[in-house]
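See structure below.
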Amino acid sequence: MKPKKSKYPQIEGLKITDIAAEGKSLGKYGDMVVFVPYTVPGDVVDVQINKKRRRFMEGYVTRFAAYSPDRVEPFCRHYGECGGCKWQALPYPMQLAYKQRQVEEQLRRLGGIELPEISPIIGSAKSEYYRNKLEFTFSDKRWVPRSEVAEGEAAAAGGGNALGFHIPGMFDKVLDVEQCYLQAEPSNAIRSAVKRFAEEKGVAFYNLREHRGLLRNLIVRTSTTGEVMVTVVFAEPDSMCRPLLDFLAEQFPQITSLNYIINNKLNDSINDLDVHHYKGKPYMEERMEGLTFRIHPKSFYQTNSEQAYNLYRVARDFAELTGTEIVYDLYTGTGTIANFVAAGAKRVVGIEYVPEAIEDAKQNSALNGIENTLFFAGDMKDVLNGEFIERHGRPDVIILDPPRAGIHGDVAATILAAAPQRIVYVSCNPATQARDLALFDPAYRVAKVQPVDMFPHTHHVENVVQLIRR
């Protein structure tokens with residue numbers, strides 16, 4: 001079949017000159033900026049434009065006319081199709097340099113505040129197999145790569161079953177993953193074995209558009225202690241659920257926690273669903289500096305365990321605790337930071353939206369014999385108010401690690417009214433962090449800035465800022 005002609009132009013010989021947002025690179029075509037993923041500054045490429053706006057265009061590479069001298073060979077066969085690890089062709093030291101620049105530019109441009117010299121970014125010791133959690137999606141419509149379509153190996157409409165990752169921007173398209181370098185074994189072995197078992201037994205993979213089929217998701221979690229947690233998400237109770245779970249338990253004795261979830265909703269979220277414990281322990285354990293943290297199937301834990309330790313050490317150092325301080329840990333999650341800093345504080349008060357996470361935080365304190373923590377569940381802007389502060393003590397230090405959207409204006413106002421001596425702001429989004437720092441600027445100066453790379457081969461970066469009351 002003759003390929004459909006695009007309504008957008010093709011640009012030949014575009015020189016890629018810089019790294020842009022969202023992991024893309026860019027070049028200039030006349031007065032227009034052209035964003036192109038999976039390229040490296042120095043590449044010269046032919047680009048098929050697939051999006052055009054007044055001031056910029058976006059497209060994908062159809063041919064490399066010349067390769068950048070900085071380019072390295074991507075290590076994953078799925079590079080260019082999978083939505084993750086877009087910077088594999090960029091040497092890791094250059095990735096760190098661009099992330100450092102990203103933090104500085106966003107804080108200065110969006111925050112518009114005075115900054116100290118930003119400390120050099122802390123790189124991850126591991127740039128492969130660094131994640132402790134991956135979620136795979138089942139689909140009966142495998143995404144067919146362009147190369148296969150061009151070679152006539154499969155029809156563009158679909159190519160069988162898939163167990164892997166969503167194609168970016170396409171909710172119903174799933175890339176069948178053969179080998180992923182994000183999570184250590186037995187992650188790949190478990191995923192491959194489950195797919196093979198399901199196909200041999202004729203178990204239906206989920207159709208994401210028509211909402212039919214049994215198998216929806218497979219979640220694999222690993223810990224630095226060697227424990228493995230597997231959770232299978234089924235669309236409904238079925239006679240094949242137990243045989244699949246038994247197969248996993250028999251084939252992979254290293255699984256220490258085996259669970260399943262029934263999700264008959266139209267979306268993949270599981271936070272509002274019950275977890276059914278099947279075999280092993282109902283949790284797995286992670287350890288950090290002598291502390292033990294229990295992680296349940298729905299618990300949040302930083303997905304790069306070893307680098308999380310460096311992140312939390314920075315936060316603790318920035319808090320400058322002497323043992324006499326009341327510390328508020330806002331957006332505490334399962335209380336990891338709160339418990340990590342508790343030994344240096346008089347009292348730590350944690351607040352988190354998810355009630356189950358707060359129960360985990362309390363259990364983790366009890367597990368480690370920590371008696372100077374208090375945890376509360378609820379919406380931050382509703383819980384953190386003047387009455388709450390009067391009841392639990394005015395904070396000397398506030399540590400906050402909000403979601404990507406940053407903090408609500410009411411929360412910022414309450415923090416300013418509480419007037420702690422120091423604020424430690426941990427962020428996974430320097431852009432919203434910059435906006436929030438501007439809110440604090442009249443009363444606080446930025447004293448220290450420390451970027452931390454949690455996710456090699458992606459554009460994502462964590463940043464920790466210390467604020468001192470003026």
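Residue names in the structure tokens use chain letters A, B, ... in the order shown, residue numbers from 1 in each chain, and ligand numbers from 1 in the order shown.
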Using DSSP assignments from the backbone, pull out every residue in range 293-422 of chain A that falls under alpha helix (DSSP H) and give it to me as a short mmCIF file (atom, residue, chain, number, x, y, z; two decimals) with all heavy atoms, in the first residue's frame.
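Dumped everything to part_30.cif:
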data_model
loop_
_atom_site.label_atom_id
_atom_site.label_comp_id
_atom_site.auth_asym_id
_atom_site.auth_seq_id
_atom_site.Cartn_x
_atom_site.Cartn_y
_atom_site.Cartn_z
N SER A 305 16.22 3.71 44.10
CA SER A 305 16.47 3.54 45.54
C SER A 305 17.81 4.10 45.97
O SER A 305 17.91 4.81 46.99
CB SER A 305 16.40 2.05 45.92
OG SER A 305 15.13 1.53 45.68
N GLU A 306 18.86 3.78 45.25
CA GLU A 306 20.20 4.18 45.67
C GLU A 306 20.39 5.69 45.56
O GLU A 306 21.02 6.31 46.42
CB GLU A 306 21.25 3.43 44.83
CG GLU A 306 21.22 1.93 45.11
CD GLU A 306 22.18 1.15 44.24
OE1 GLU A 306 23.21 1.70 43.82
OE2 GLU A 306 21.91 -0.03 43.96
N GLN A 307 19.81 6.29 44.52
CA GLN A 307 19.94 7.74 44.38
C GLN A 307 19.00 8.48 45.33
O GLN A 307 19.27 9.62 45.71
CB GLN A 307 19.66 8.14 42.92
CG GLN A 307 20.00 9.58 42.57
CD GLN A 307 21.50 9.87 42.57
OE1 GLN A 307 22.28 9.20 43.23
NE2 GLN A 307 21.90 10.87 41.83
N ALA A 308 17.92 7.82 45.74
CA ALA A 308 17.02 8.42 46.73
C ALA A 308 17.77 8.72 48.02
O ALA A 308 17.52 9.73 48.69
CB ALA A 308 15.84 7.50 47.00
N TYR A 309 18.70 7.85 48.36
CA TYR A 309 19.51 8.07 49.57
C TYR A 309 20.29 9.37 49.47
O TYR A 309 20.34 10.17 50.42
CB TYR A 309 20.45 6.88 49.77
CG TYR A 309 21.39 7.03 50.95
CD1 TYR A 309 20.91 7.36 52.22
CD2 TYR A 309 22.76 6.83 50.80
CE1 TYR A 309 21.77 7.50 53.29
CE2 TYR A 309 23.62 6.96 51.88
CZ TYR A 309 23.13 7.29 53.12
OH TYR A 309 23.98 7.43 54.18
N ASN A 310 20.88 9.63 48.30
CA ASN A 310 21.60 10.90 48.10
C ASN A 310 20.66 12.09 48.17
O ASN A 310 20.99 13.13 48.74
CB ASN A 310 22.34 10.88 46.76
CG ASN A 310 23.51 9.92 46.76
OD1 ASN A 310 24.22 9.80 47.75
ND2 ASN A 310 23.73 9.24 45.65
N LEU A 311 19.47 11.94 47.59
CA LEU A 311 18.48 13.02 47.62
C LEU A 311 18.08 13.35 49.05
O LEU A 311 18.03 14.52 49.45
CB LEU A 311 17.25 12.61 46.80
CG LEU A 311 16.13 13.64 46.70
CD1 LEU A 311 16.53 14.78 45.78
CD2 LEU A 311 14.84 12.98 46.19
N TYR A 312 17.81 12.32 49.84
CA TYR A 312 17.36 12.54 51.21
C TYR A 312 18.49 13.07 52.09
O TYR A 312 18.26 13.84 53.03
CB TYR A 312 16.79 11.25 51.80
CG TYR A 312 15.54 10.77 51.11
CD1 TYR A 312 15.17 9.43 51.15
CD2 TYR A 312 14.72 11.65 50.41
CE1 TYR A 312 14.01 8.99 50.51
CE2 TYR A 312 13.57 11.22 49.78
CZ TYR A 312 13.22 9.89 49.83
OH TYR A 312 12.09 9.46 49.19
N ARG A 313 19.72 12.67 51.80
CA ARG A 313 20.86 13.22 52.55
C ARG A 313 20.99 14.72 52.31
O ARG A 313 21.29 15.48 53.24
CB ARG A 313 22.14 12.49 52.15
CG ARG A 313 22.31 11.14 52.79
CD ARG A 313 23.75 10.67 52.77
NE ARG A 313 24.33 10.71 51.42
CZ ARG A 313 25.58 10.40 51.15
NH1 ARG A 313 26.41 10.07 52.11
NH2 ARG A 313 26.02 10.44 49.91
N VAL A 314 20.78 15.15 51.06
CA VAL A 314 20.83 16.57 50.77
C VAL A 314 19.74 17.31 51.54
O VAL A 314 19.98 18.35 52.17
CB VAL A 314 20.68 16.82 49.25
CG1 VAL A 314 20.52 18.32 48.97
CG2 VAL A 314 21.89 16.28 48.49
N ALA A 315 18.53 16.76 51.52
CA ALA A 315 17.42 17.39 52.24
C ALA A 315 17.73 17.49 53.74
O ALA A 315 17.48 18.53 54.37
CB ALA A 315 16.13 16.60 52.01
N ARG A 316 18.29 16.45 54.30
CA ARG A 316 18.63 16.46 55.73
C ARG A 316 19.75 17.47 56.02
O ARG A 316 19.68 18.20 57.01
CB ARG A 316 19.05 15.06 56.17
CG ARG A 316 19.34 14.94 57.66
CD ARG A 316 19.63 13.50 58.04
NE ARG A 316 20.81 12.97 57.34
CZ ARG A 316 21.17 11.69 57.37
NH1 ARG A 316 20.45 10.81 58.06
NH2 ARG A 316 22.24 11.29 56.72
N ASP A 317 20.74 17.51 55.16
CA ASP A 317 21.83 18.49 55.34
C ASP A 317 21.29 19.91 55.28
O ASP A 317 21.68 20.78 56.08
CB ASP A 317 22.90 18.29 54.27
CG ASP A 317 23.70 17.01 54.47
OD1 ASP A 317 23.60 16.41 55.56
OD2 ASP A 317 24.41 16.61 53.52
N PHE A 318 20.40 20.18 54.32
CA PHE A 318 19.83 21.52 54.16
C PHE A 318 18.94 21.90 55.35
O PHE A 318 18.77 23.08 55.66
CB PHE A 318 19.03 21.61 52.86
CG PHE A 318 19.88 21.79 51.62
CD1 PHE A 318 21.25 21.60 51.65
CD2 PHE A 318 19.29 22.15 50.41
CE1 PHE A 318 22.03 21.76 50.52
CE2 PHE A 318 20.07 22.32 49.26
CZ PHE A 318 21.43 22.13 49.31
N ALA A 319 18.37 20.91 56.03
CA ALA A 319 17.51 21.20 57.20
C ALA A 319 18.33 21.70 58.38
O ALA A 319 17.81 22.41 59.25
CB ALA A 319 16.73 19.95 57.59
N THR A 336 9.01 8.59 54.33
CA THR A 336 10.42 8.24 54.17
C THR A 336 11.33 9.36 54.66
O THR A 336 12.25 9.13 55.46
CB THR A 336 10.74 7.92 52.70
OG1 THR A 336 9.73 7.07 52.18
CG2 THR A 336 12.08 7.22 52.57
N ILE A 337 11.10 10.59 54.18
CA ILE A 337 11.94 11.71 54.62
C ILE A 337 11.72 11.97 56.11
O ILE A 337 12.68 12.20 56.86
CB ILE A 337 11.64 12.97 53.78
CG1 ILE A 337 12.13 12.78 52.34
CG2 ILE A 337 12.32 14.19 54.40
CD1 ILE A 337 11.88 13.97 51.43
N ALA A 338 10.47 11.96 56.55
CA ALA A 338 10.17 12.23 57.96
C ALA A 338 10.92 11.29 58.88
O ALA A 338 11.55 11.71 59.87
CB ALA A 338 8.66 12.11 58.19
N ASN A 339 10.89 10.01 58.58
CA ASN A 339 11.59 9.03 59.41
C ASN A 339 13.11 9.14 59.25
O ASN A 339 13.85 8.88 60.19
CB ASN A 339 11.12 7.61 59.07
CG ASN A 339 9.74 7.32 59.63
OD1 ASN A 339 9.51 7.43 60.83
ND2 ASN A 339 8.80 6.95 58.77
N PHE A 340 13.55 9.54 58.07
CA PHE A 340 14.97 9.66 57.80
C PHE A 340 15.60 10.80 58.61
O PHE A 340 16.75 10.70 59.03
CB PHE A 340 15.18 9.90 56.30
CG PHE A 340 16.61 9.85 55.84
CD1 PHE A 340 17.31 8.66 55.84
CD2 PHE A 340 17.25 10.99 55.42
CE1 PHE A 340 18.63 8.60 55.41
CE2 PHE A 340 18.57 10.96 55.00
CZ PHE A 340 19.26 9.76 54.99
N VAL A 341 14.84 11.88 58.85
CA VAL A 341 15.40 13.04 59.57
C VAL A 341 15.03 13.04 61.05
O VAL A 341 15.50 13.89 61.81
CB VAL A 341 14.96 14.37 58.92
CG1 VAL A 341 15.32 14.41 57.45
CG2 VAL A 341 13.46 14.64 59.11
N PRO A 355 -4.59 8.42 52.62
CA PRO A 355 -4.66 7.81 53.96
C PRO A 355 -3.81 6.54 54.09
O PRO A 355 -3.20 6.31 55.12
CB PRO A 355 -6.15 7.49 54.13
CG PRO A 355 -6.86 8.42 53.19
CD PRO A 355 -5.93 8.60 52.03
N GLU A 356 -3.79 5.70 53.03
CA GLU A 356 -3.01 4.47 53.09
C GLU A 356 -1.52 4.77 53.26
O GLU A 356 -0.79 4.03 53.93
CB GLU A 356 -3.22 3.62 51.83
CG GLU A 356 -4.61 3.04 51.67
CD GLU A 356 -5.54 3.97 50.91
OE1 GLU A 356 -5.22 5.16 50.76
OE2 GLU A 356 -6.60 3.49 50.47
N ALA A 357 -1.05 5.85 52.62
CA ALA A 357 0.36 6.23 52.75
C ALA A 357 0.68 6.63 54.18
O ALA A 357 1.75 6.31 54.70
CB ALA A 357 0.68 7.37 51.78
N ILE A 358 -0.26 7.32 54.82
CA ILE A 358 -0.05 7.74 56.21
C ILE A 358 0.01 6.52 57.14
O ILE A 358 0.81 6.48 58.09
CB ILE A 358 -1.16 8.72 56.64
CG1 ILE A 358 -0.94 10.08 55.98
CG2 ILE A 358 -1.21 8.86 58.16
CD1 ILE A 358 0.36 10.76 56.35
N GLU A 359 -0.81 5.51 56.86
CA GLU A 359 -0.73 4.28 57.65
C GLU A 359 0.64 3.62 57.48
O GLU A 359 1.22 3.12 58.45
CB GLU A 359 -1.86 3.32 57.26
CG GLU A 359 -3.24 3.78 57.71
CD GLU A 359 -3.30 4.10 59.19
OE1 GLU A 359 -2.88 3.23 59.99
OE2 GLU A 359 -3.73 5.21 59.55
N ASP A 360 1.16 3.63 56.23
CA ASP A 360 2.51 3.11 55.99
C ASP A 360 3.55 3.91 56.78
O ASP A 360 4.48 3.34 57.35
CB ASP A 360 2.85 3.17 54.50
CG ASP A 360 2.17 2.07 53.70
OD1 ASP A 360 1.67 1.12 54.31
OD2 ASP A 360 2.16 2.17 52.46
N ALA A 361 3.39 5.23 56.79
CA ALA A 361 4.34 6.09 57.50
C ALA A 361 4.36 5.77 59.00
O ALA A 361 5.42 5.66 59.62
CB ALA A 361 3.98 7.56 57.28
N LYS A 362 3.18 5.58 59.57
CA LYS A 362 3.10 5.23 61.00
C LYS A 362 3.75 3.88 61.27
O LYS A 362 4.46 3.71 62.26
CB LYS A 362 1.63 5.22 61.44
CG LYS A 362 0.97 6.59 61.45
CD LYS A 362 -0.50 6.48 61.82
CE LYS A 362 -1.18 7.84 61.82
NZ LYS A 362 -2.64 7.74 62.13
N GLN A 363 3.47 2.91 60.39
CA GLN A 363 4.06 1.58 60.56
C GLN A 363 5.58 1.63 60.45
O GLN A 363 6.29 0.94 61.18
CB GLN A 363 3.49 0.62 59.51
CG GLN A 363 2.05 0.22 59.76
CD GLN A 363 1.55 -0.78 58.73
OE1 GLN A 363 2.32 -1.53 58.14
NE2 GLN A 363 0.25 -0.76 58.49
N ASN A 364 6.08 2.45 59.52
CA ASN A 364 7.53 2.55 59.35
C ASN A 364 8.19 3.19 60.57
O ASN A 364 9.31 2.81 60.95
CB ASN A 364 7.87 3.33 58.07
CG ASN A 364 7.65 2.50 56.82
OD1 ASN A 364 7.87 1.30 56.81
ND2 ASN A 364 7.21 3.14 55.74
N SER A 365 7.53 4.15 61.18
CA SER A 365 8.06 4.71 62.43
C SER A 365 8.11 3.64 63.52
O SER A 365 9.12 3.48 64.23
CB SER A 365 7.20 5.89 62.90
OG SER A 365 7.44 7.03 62.12
N ALA A 366 7.01 2.90 63.66
CA ALA A 366 6.94 1.86 64.70
C ALA A 366 7.98 0.77 64.44
O ALA A 366 8.64 0.29 65.38
CB ALA A 366 5.54 1.26 64.74
N LEU A 367 8.14 0.39 63.18
CA LEU A 367 9.09 -0.66 62.80
C LEU A 367 10.51 -0.30 63.20
O LEU A 367 11.30 -1.17 63.58
CB LEU A 367 9.00 -0.90 61.29
CG LEU A 367 9.89 -1.97 60.68
CD1 LEU A 367 9.48 -3.36 61.19
CD2 LEU A 367 9.80 -1.93 59.16
N MET A 380 -3.65 19.02 51.70
CA MET A 380 -2.68 19.90 52.36
C MET A 380 -3.28 21.27 52.68
O MET A 380 -3.09 21.80 53.79
CB MET A 380 -1.44 20.06 51.47
CG MET A 380 -0.28 20.75 52.16
SD MET A 380 0.39 19.78 53.53
CE MET A 380 0.95 18.32 52.65
N LYS A 381 -3.99 21.86 51.74
CA LYS A 381 -4.51 23.22 51.95
C LYS A 381 -5.60 23.25 53.02
O LYS A 381 -5.89 24.31 53.59
CB LYS A 381 -5.02 23.82 50.65
CG LYS A 381 -6.18 23.10 50.00
CD LYS A 381 -6.59 23.77 48.70
CE LYS A 381 -7.62 23.00 47.92
NZ LYS A 381 -8.82 22.65 48.69
N ASP A 382 -6.22 22.07 53.29
CA ASP A 382 -7.24 22.01 54.33
C ASP A 382 -6.66 21.66 55.70
O ASP A 382 -7.10 22.18 56.73
CB ASP A 382 -8.32 20.97 53.95
CG ASP A 382 -9.03 21.33 52.66
OD1 ASP A 382 -9.16 22.53 52.37
OD2 ASP A 382 -9.44 20.40 51.93
N VAL A 383 -5.67 20.76 55.70
CA VAL A 383 -5.09 20.31 56.98
C VAL A 383 -4.14 21.35 57.56
O VAL A 383 -4.21 21.67 58.76
CB VAL A 383 -4.34 18.97 56.78
CG1 VAL A 383 -3.62 18.56 58.07
CG2 VAL A 383 -5.30 17.88 56.33
N GLY A 386 -3.79 27.57 60.51
CA GLY A 386 -3.36 28.18 61.76
C GLY A 386 -3.69 27.34 62.98
O GLY A 386 -2.89 27.22 63.91
N GLU A 387 -4.88 26.74 62.98
CA GLU A 387 -5.30 25.91 64.11
C GLU A 387 -4.41 24.68 64.24
O GLU A 387 -4.02 24.29 65.36
CB GLU A 387 -6.75 25.49 63.92
CG GLU A 387 -7.31 24.66 65.06
CD GLU A 387 -8.73 24.20 64.78
OE1 GLU A 387 -9.40 24.80 63.92
OE2 GLU A 387 -9.16 23.22 65.43
N PHE A 388 -4.07 24.06 63.12
CA PHE A 388 -3.20 22.88 63.13
C PHE A 388 -1.83 23.24 63.70
O PHE A 388 -1.28 22.51 64.54
CB PHE A 388 -3.06 22.33 61.70
CG PHE A 388 -2.21 21.09 61.59
CD1 PHE A 388 -2.78 19.83 61.64
CD2 PHE A 388 -0.82 21.19 61.42
CE1 PHE A 388 -2.00 18.68 61.55
CE2 PHE A 388 -0.04 20.06 61.32
CZ PHE A 388 -0.62 18.80 61.38
N ILE A 389 -1.30 24.36 63.28
CA ILE A 389 0.03 24.79 63.73
C ILE A 389 0.02 25.11 65.23
O ILE A 389 0.95 24.78 65.97
CB ILE A 389 0.51 25.99 62.90
CG1 ILE A 389 0.81 25.53 61.47
CG2 ILE A 389 1.75 26.64 63.52
CD1 ILE A 389 1.05 26.66 60.49
N GLU A 390 -1.07 25.73 65.69
CA GLU A 390 -1.18 26.06 67.11
C GLU A 390 -1.23 24.78 67.95
O GLU A 390 -0.65 24.71 69.04
CB GLU A 390 -2.44 26.89 67.34
CG GLU A 390 -2.57 27.42 68.76
CD GLU A 390 -3.75 28.36 68.92
OE1 GLU A 390 -4.16 28.98 67.91
OE2 GLU A 390 -4.27 28.46 70.05
N ARG A 391 -1.88 23.74 67.41
CA ARG A 391 -2.03 22.49 68.15
C ARG A 391 -0.74 21.69 68.19
O ARG A 391 -0.41 21.08 69.21
CB ARG A 391 -3.15 21.65 67.51
CG ARG A 391 -3.53 20.41 68.33
CD ARG A 391 -4.59 19.55 67.65
NE ARG A 391 -5.63 20.37 67.05
CZ ARG A 391 -5.98 20.31 65.77
NH1 ARG A 391 -5.36 19.47 64.95
NH2 ARG A 391 -6.92 21.07 65.30
N HIS A 392 0.02 21.70 67.09
CA HIS A 392 1.18 20.80 66.98
C HIS A 392 2.52 21.52 67.06
O HIS A 392 3.57 20.89 66.99
CB HIS A 392 1.10 19.99 65.69
CG HIS A 392 -0.11 19.11 65.62
ND1 HIS A 392 -0.24 17.99 66.38
CD2 HIS A 392 -1.25 19.23 64.89
CE1 HIS A 392 -1.42 17.42 66.12
NE2 HIS A 392 -2.05 18.15 65.23
N GLY A 409 -1.53 27.89 46.36
CA GLY A 409 -1.30 29.22 46.90
C GLY A 409 -1.65 29.35 48.37
O GLY A 409 -0.97 30.06 49.12
N ASP A 410 -2.71 28.65 48.80
CA ASP A 410 -3.10 28.68 50.21
C ASP A 410 -2.04 28.03 51.09
O ASP A 410 -1.79 28.48 52.22
CB ASP A 410 -4.43 27.95 50.41
CG ASP A 410 -5.60 28.69 49.78
OD1 ASP A 410 -5.41 29.85 49.38
OD2 ASP A 410 -6.69 28.09 49.68
N VAL A 411 -1.41 26.98 50.58
CA VAL A 411 -0.34 26.31 51.34
C VAL A 411 0.85 27.25 51.49
O VAL A 411 1.44 27.36 52.57
CB VAL A 411 0.08 24.99 50.64
CG1 VAL A 411 1.26 24.36 51.36
CG2 VAL A 411 -1.10 24.03 50.59
N ALA A 412 1.21 27.93 50.40
CA ALA A 412 2.32 28.89 50.46
C ALA A 412 2.03 29.98 51.49
O ALA A 412 2.92 30.36 52.27
CB ALA A 412 2.56 29.51 49.09
N ALA A 413 0.79 30.46 51.51
CA ALA A 413 0.41 31.53 52.46
C ALA A 413 0.52 31.04 53.90
O ALA A 413 0.99 31.77 54.79
CB ALA A 413 -1.01 32.00 52.17
N THR A 414 0.11 29.79 54.15
CA THR A 414 0.19 29.24 55.50
C THR A 414 1.64 29.05 55.93
O THR A 414 2.00 29.31 57.09
CB THR A 414 -0.56 27.89 55.57
OG1 THR A 414 -1.91 28.08 55.15
CG2 THR A 414 -0.55 27.34 56.99
N ILE A 415 2.48 28.60 55.01
CA ILE A 415 3.91 28.43 55.32
C ILE A 415 4.52 29.78 55.67
O ILE A 415 5.28 29.91 56.64
CB ILE A 415 4.65 27.79 54.13
CG1 ILE A 415 4.20 26.33 53.95
CG2 ILE A 415 6.16 27.86 54.34
CD1 ILE A 415 4.75 25.66 52.72
N LEU A 416 4.19 30.80 54.89
CA LEU A 416 4.71 32.14 55.16
C LEU A 416 4.24 32.65 56.52
O LEU A 416 5.00 33.27 57.27
CB LEU A 416 4.29 33.10 54.05
CG LEU A 416 5.03 32.94 52.72
CD1 LEU A 416 4.32 33.71 51.61
CD2 LEU A 416 6.48 33.40 52.85
N ALA A 417 2.98 32.37 56.86
CA ALA A 417 2.45 32.80 58.16
C ALA A 417 3.12 32.04 59.30
O ALA A 417 3.34 32.60 60.38
CB ALA A 417 0.94 32.58 58.21
N ALA A 418 3.48 30.77 59.07
CA ALA A 418 4.14 29.97 60.11
C ALA A 418 5.57 30.45 60.35
O ALA A 418 6.11 30.29 61.44
CB ALA A 418 4.15 28.50 59.71
#
Fill in: Neighbour list for range 204-208 of chain A as number ranges by chain, cut-off 12 Å, only C-alpha atoms, skip fewer than 6 positions in-chain
A: 137-142, 158, 160-164, 166, 170-174, 194-198, 214-218, 233-236, 238, 240-241, 263-268
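Closest approach to Phe300 in chain A among A:Pro91, A:Gly335, A:Pro243, A:Gly111 is made by A:Gly335 (distances from only C-alpha atoms).
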Discussion item. Under the rule that only C-alpha atoms are counted, which of A:Glu178, A:Glu73, A:Asp31, A:Glu227 is the nearest residue to Arg55 in chain A?
Written reply: A:Asp31
Worksheet entry | Lys448 in chain A surroundings by only C-alpha atoms, 7 Å radius, close-in-sequence under 5 positions cut, as a count of residues only | 3
